[in-house]
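A short write-up of the structure that comes next.
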Amino acid sequence: RLGLRVLARASDGRDADGGRRRRERLDRDRDLGRARHAHAKADLALTVGRDHLAQGRAQPRSIQREADDARAARRLFEPIQMRVQQQGARAIKRVAHRVDAVGGVLLRLRQRRGRVRHGLERAVLRQDPHQAATHHCARPAARMRFLLLGDSLTAGQVPGGLGMCPPGEVVRARLDAAVVRIEGQPLGSVRHYPRRLRRILAQDDVVYEAAVVLGGTNDLWRLDAASILASLEATAEAARGRCRHVTRVTLPPFAPSVLGWFGQAYVDRVEGCRLEVNEAIRGDDDAFDLAALCDERPDEFARDDGIHLGAVGYRAFGLALSEFLLDRQGPRDDDGAARVEGW
């Protein structure tokens with residue numbers, strides 16, 4: 001209903017302002033055409049006058065008069081051109097504002113739909129004990145805690161300024177008996193991950209079942225795979241004692257056009273650095289291979305800007321990650337807590 005109200009309000013405003021904007025556009029085009037005509041006429045007269053002067057058929061005074069006319073035409077043309085550019089910039093800002101507003105409405109609708117679905121599931125479980133038992137068998141029995149640490153891919157940044165679709169929200173919806181903390185920082189460097197993790201862990205006194213770390217994409221331009229791996233290792237060391245397991249995520253591929261202006265040789269070196277980092281991450285038993293998913297399902301994990309996933313891709317990422325975390329659930333104690341050795 002909120003989305004329909006926004007769209008109805010936008011359509012009413014568009015009908016009311018349509019005539020006025022049309023008249024303004026016609027007046028602006030007419031003034032711009034007149035100014036361009038005067039400008040072109042003055043330039044032509046000035047060019048002809050200079051040719052005549054070079055051939056000895058005109059006096060310098062006539063050339064000065066033509067030059068004055070050309071300057072007057074430019075003075076008439078430049079304010080109109082500036083006004084047209086300003087009006088165009090304002091129109092672009094209005095469109096961008098409406099796009100952001102619609103994106104925010106859609107994000108709130110998705111969040112509200114998730115809450116409604118969650119409430120319906122809980123209502124059904126209260127009414128059907130058998131389904132409740134089946135439901136709890138498919139999900140963790142205790143309030144397990146997961147931490148998602150990363151950059152804009154963890155934050156769920158969607159290309160085109162269409163808001164955020166964190167994959168952790170999908171994990172939270174799938175593992176409704178677990179607590180999922182999402183710590184995604186756009187443009188975040190993996191060099192700062194150990195300090196960020198220590199600051200996050202200092203804010204509470206809980207033990208996380210697993211910390212899912214996705215980082216290194218914003219550091220590939222340095223062409224230093226060893227430094228990226230060392231930062232990931234330092235992050236795992238910072239999690240020791242507070243996170244039972246650290247799951248590292250492979251770096252997804254990027255479109256060559258993102259770095260195309262640096263030349264193909266540099267793009268190849270960046271891609272080689274990414275492959276080297278992923279090869280080292282895959283050697284870990286707890287690694288989650290996001291890069292392989294992107295290669296296997298390119299349509300679902302499409303990247304419009306060459307780097308970030310779309311809403312569909314982030315949802316698929318969250319579903320695959322939640323299944324990965326469920327598969328890693330080991331034996332549990334009587335109170336529902338997972339044992340350290342049973343990941």
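Identifiers in this document derive from the order of the structure tokens: chains are assigned A, B, ..., residues are numbered from 1 separately in each chain, and ligands are numbered from 1 in order of occurrence.
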Exercise for the section: Report the residues of range 186-336 of chain A whose backbone DSSP state falls under strand (DSSP E or B), written as a PyMOL selection string. Expected result: chain A and resi 208-214+243-249+288+332
Could you write out that same residue set with all heavy atoms as a CSV table (one decimal), in the first residue's frame?
chain,number,residue,atom,x,y,z
A,208,TYR,N,30.8,-16.1,19.1
A,208,TYR,CA,30.2,-16.4,17.8
A,208,TYR,C,30.6,-17.8,17.4
A,208,TYR,O,31.7,-18.2,17.5
A,208,TYR,CB,30.7,-15.3,16.8
A,208,TYR,CG,30.2,-13.9,17.1
A,208,TYR,CD1,30.9,-13.0,17.8
A,208,TYR,CD2,28.9,-13.5,16.6
A,208,TYR,CE1,30.5,-11.7,18.0
A,208,TYR,CE2,28.5,-12.3,16.8
A,208,TYR,CZ,29.2,-11.4,17.5
A,208,TYR,OH,28.8,-10.1,17.8
A,209,GLU,N,29.6,-18.4,16.8
A,209,GLU,CA,29.8,-19.7,16.3
A,209,GLU,C,30.8,-19.7,15.1
A,209,GLU,O,31.7,-20.5,14.9
A,209,GLU,CB,28.5,-20.4,15.8
A,209,GLU,CG,28.6,-21.8,15.3
A,209,GLU,CD,29.0,-22.8,16.5
A,209,GLU,OE1,28.8,-22.4,17.6
A,209,GLU,OE2,29.5,-23.9,16.1
A,210,ALA,N,30.6,-18.7,14.3
A,210,ALA,CA,31.5,-18.5,13.1
A,210,ALA,C,31.5,-17.0,12.7
A,210,ALA,O,30.5,-16.3,12.8
A,210,ALA,CB,31.0,-19.4,11.9
A,211,ALA,N,32.7,-16.6,12.2
A,211,ALA,CA,32.9,-15.3,11.6
A,211,ALA,C,33.1,-15.5,10.1
A,211,ALA,O,34.1,-16.2,9.8
A,211,ALA,CB,34.0,-14.6,12.3
A,212,VAL,N,32.3,-15.0,9.3
A,212,VAL,CA,32.4,-15.1,7.8
A,212,VAL,C,33.1,-13.8,7.3
A,212,VAL,O,32.5,-12.7,7.4
A,212,VAL,CB,31.0,-15.3,7.2
A,212,VAL,CG1,31.2,-15.4,5.7
A,212,VAL,CG2,30.3,-16.5,7.8
A,213,VAL,N,34.3,-14.0,6.8
A,213,VAL,CA,35.1,-12.9,6.4
A,213,VAL,C,35.2,-12.8,4.9
A,213,VAL,O,35.7,-13.8,4.2
A,213,VAL,CB,36.5,-13.0,7.0
A,213,VAL,CG1,37.4,-11.8,6.6
A,213,VAL,CG2,36.4,-13.1,8.5
A,214,LEU,N,34.8,-11.7,4.3
A,214,LEU,CA,34.9,-11.5,2.9
A,214,LEU,C,35.7,-10.2,2.7
A,214,LEU,O,35.2,-9.1,3.0
A,214,LEU,CB,33.5,-11.4,2.2
A,214,LEU,CG,33.5,-10.9,0.7
A,214,LEU,CD1,34.4,-11.8,-0.2
A,214,LEU,CD2,32.1,-10.9,0.2
A,243,CYS,N,35.5,-16.4,18.4
A,243,CYS,CA,34.8,-17.0,17.3
A,243,CYS,C,35.3,-18.4,17.1
A,243,CYS,O,36.5,-18.6,16.9
A,243,CYS,CB,35.0,-16.2,16.0
A,243,CYS,SG,34.5,-14.5,16.1
A,244,ARG,N,34.3,-19.4,17.2
A,244,ARG,CA,34.8,-20.8,17.2
A,244,ARG,C,35.4,-21.1,15.9
A,244,ARG,O,36.3,-22.0,15.8
A,244,ARG,CB,33.6,-21.7,17.5
A,244,ARG,CG,33.1,-21.6,19.0
A,244,ARG,CD,32.1,-22.7,19.3
A,244,ARG,NE,31.7,-22.6,20.7
A,244,ARG,CZ,30.6,-22.1,21.2
A,244,ARG,NH1,29.8,-21.6,20.3
A,244,ARG,NH2,30.4,-22.1,22.5
A,245,HIS,N,34.9,-20.5,14.8
A,245,HIS,CA,35.4,-20.8,13.5
A,245,HIS,C,35.4,-19.5,12.6
A,245,HIS,O,34.6,-18.6,12.9
A,245,HIS,CB,34.5,-21.8,12.7
A,245,HIS,CG,34.3,-23.1,13.5
A,245,HIS,ND1,35.2,-24.1,13.5
A,245,HIS,CD2,33.3,-23.5,14.4
A,245,HIS,CE1,34.8,-25.1,14.2
A,245,HIS,NE2,33.7,-24.8,14.8
A,246,VAL,N,36.4,-19.5,11.7
A,246,VAL,CA,36.5,-18.3,10.8
A,246,VAL,C,36.4,-18.9,9.4
A,246,VAL,O,37.2,-19.7,9.0
A,246,VAL,CB,37.8,-17.6,11.0
A,246,VAL,CG1,38.0,-16.5,10.0
A,246,VAL,CG2,37.9,-17.0,12.4
A,247,THR,N,35.3,-18.4,8.7
A,247,THR,CA,35.1,-18.9,7.3
A,247,THR,C,35.5,-17.8,6.4
A,247,THR,O,34.9,-16.7,6.4
A,247,THR,CB,33.6,-19.2,7.1
A,247,THR,OG1,33.3,-20.3,7.9
A,247,THR,CG2,33.3,-19.6,5.7
A,248,ARG,N,36.5,-18.0,5.6
A,248,ARG,CA,36.9,-17.0,4.6
A,248,ARG,C,36.2,-17.3,3.3
A,248,ARG,O,36.0,-18.4,2.9
A,248,ARG,CB,38.4,-17.1,4.4
A,248,ARG,CG,39.2,-16.7,5.7
A,248,ARG,CD,40.7,-16.6,5.4
A,248,ARG,NE,41.3,-17.9,5.1
A,248,ARG,CZ,42.6,-18.0,4.8
A,248,ARG,NH1,43.4,-17.0,4.8
A,248,ARG,NH2,43.1,-19.2,4.5
A,249,VAL,N,35.9,-16.2,2.6
A,249,VAL,CA,35.1,-16.2,1.3
A,249,VAL,C,36.0,-15.8,0.2
A,249,VAL,O,36.8,-14.9,0.3
A,249,VAL,CB,33.9,-15.3,1.4
A,249,VAL,CG1,33.1,-15.4,0.1
A,249,VAL,CG2,33.1,-15.6,2.6
A,288,PHE,N,34.4,-20.7,2.0
A,288,PHE,CA,33.1,-20.6,1.2
A,288,PHE,C,33.5,-20.0,-0.2
A,288,PHE,O,34.0,-18.9,-0.3
A,288,PHE,CB,32.1,-19.7,1.9
A,288,PHE,CG,30.8,-19.5,1.1
A,288,PHE,CD1,29.9,-20.5,1.1
A,288,PHE,CD2,30.6,-18.4,0.4
A,288,PHE,CE1,28.7,-20.4,0.4
A,288,PHE,CE2,29.4,-18.2,-0.3
A,288,PHE,CZ,28.5,-19.2,-0.4
A,332,ARG,N,25.5,-31.3,19.2
A,332,ARG,CA,25.2,-30.3,20.2
A,332,ARG,C,25.1,-30.9,21.5
A,332,ARG,O,24.8,-32.1,21.7
A,332,ARG,CB,23.9,-29.6,19.8
A,332,ARG,CG,23.9,-29.2,18.3
A,332,ARG,CD,22.6,-28.4,17.9
A,332,ARG,NE,22.7,-27.1,18.5
A,332,ARG,CZ,23.3,-26.1,18.0
A,332,ARG,NH1,24.0,-26.2,16.9
A,332,ARG,NH2,23.3,-24.9,18.6
Practice task
Assign secondary structure with DSSP using the backbone only, and return the residues of range 91-306 of chain A in helix (DSSP H, G or I) as an NGL selection string.
Solution key: :A and (91-127 or 129-138 or 152-155 or 167-174 or 190-202 or 217-222 or 225-239 or 256-262 or 264-282 or 290-296)
Between range 196-217 of chain A and range 176-192 of chain A, at 9 Å or less, what are the per-residue closest atom pairs and their distances in Å? Count only C-alpha atoms, order by chain and rising residue number, and return it as CSV.
residue,atom,partner,partner_atom,distance
A:Arg196,CA,A:His192,CA,6.1
A:Leu197,CA,A:His192,CA,8.7
A:Ile200,CA,A:Glu183,CA,8.7
A:Leu214,CA,A:Val190,CA,8.6
A:Gly215,CA,A:Val190,CA,5.4
A:Gly216,CA,A:Val190,CA,5.4
A:Thr217,CA,A:Ser189,CA,8.1
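The nearest approach to Leu309 in chain A among the residues A:Pro256, A:Gly263, A:Pro167, A:Pro79, with only C-alpha atoms taken into account, belongs to A:Pro167.
Shortest separation to Arg269 in chain A among A:Asp224, A:Ala292, A:Arg143, A:Pro166 occurs at residue A:Asp224, atoms counted being only C-alpha atoms.
Here the question is which of A:Leu223, A:Ala230, A:Ile307, A:Leu293 gets nearest to Val270 in chain A using only C-alpha atoms, and that residue is A:Leu223.
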Problem - Residues within 10 Å of Asp304 in chain A, only C-alpha atoms, excluding chain neighbours under 4 positions, as an MDAnalysis selection string - result: chainID A and resid 158:160 255 308:310
Now that the selection is made, can you save its residues with C-alpha atoms as a PDB file, in the first residue's frame?
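Output (part19.pdb):
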ATOM      1  CA  VAL A 158      23.461  -2.615  -5.307  1.00  0.00           C
ATOM      2  CA  PRO A 159      24.724  -0.817  -8.450  1.00  0.00           C
ATOM      3  CA  GLY A 160      22.868   2.293  -9.555  1.00  0.00           C
ATOM      4  CA  ALA A 255      34.616  -7.204 -15.292  1.00  0.00           C
ATOM      5  CA  HIS A 308      28.794  -5.470  -7.151  1.00  0.00           C
ATOM      6  CA  LEU A 309      25.993  -8.002  -7.381  1.00  0.00           C
ATOM      7  CA  GLY A 310      22.369  -7.165  -7.964  1.00  0.00           C
TER       8      GLY A 310
END
Which polymer residues have any atom within 12 Å of an atom of Phe324 in chain A, counting only C-alpha atoms, with same-chain residues fewer than 5 positions away left out, as a compact mmCIF listing (two decimals) with C-alpha atoms, in the first residue's frame?
# COMPACT_ATOMS: atom_id res chain seq x y z
CA VAL A 171 20.97 -15.71 6.29
CA ARG A 174 16.82 -18.66 6.90
CA LEU A 175 18.43 -19.24 10.30
CA ALA A 210 31.50 -18.50 13.10
CA VAL A 212 32.40 -15.09 7.83
CA THR A 247 35.09 -18.88 7.32
CA VAL A 249 35.12 -16.23 1.34
CA ASP A 286 36.02 -23.77 6.20
CA ALA A 287 36.28 -21.74 2.97
CA PHE A 288 33.14 -20.58 1.18
CA ASP A 289 33.70 -20.43 -2.59
CA LEU A 290 31.71 -17.40 -3.79
CA PHE A 317 24.65 -15.45 -2.06
CA GLY A 318 22.72 -15.37 1.22
CA LEU A 319 20.86 -18.61 0.47
CA GLN A 329 26.39 -27.66 12.17
CA TRP A 343 31.77 -27.77 13.21
Handout entry: Among listed residues A:Leu201, A:Ala155, A:Leu148, A:Val258, nearest Ser322 in chain A (using only C-alpha atoms)
Key = A:Leu148
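As for CA of Thr154 in chain A and CA of Tyr314 in chain A, they are spaced 8.9 Å apart.
Between Glu323 in chain A and the residues A:Ala202, A:Gln85, A:Ala173, A:Asn218, the shortest atom-to-atom distance, using only C-alpha atoms, involves A:Ala173.
Of note, CA of Lys41 in chain A and CA of Ala72 in chain A are spaced 11.5 Å apart.
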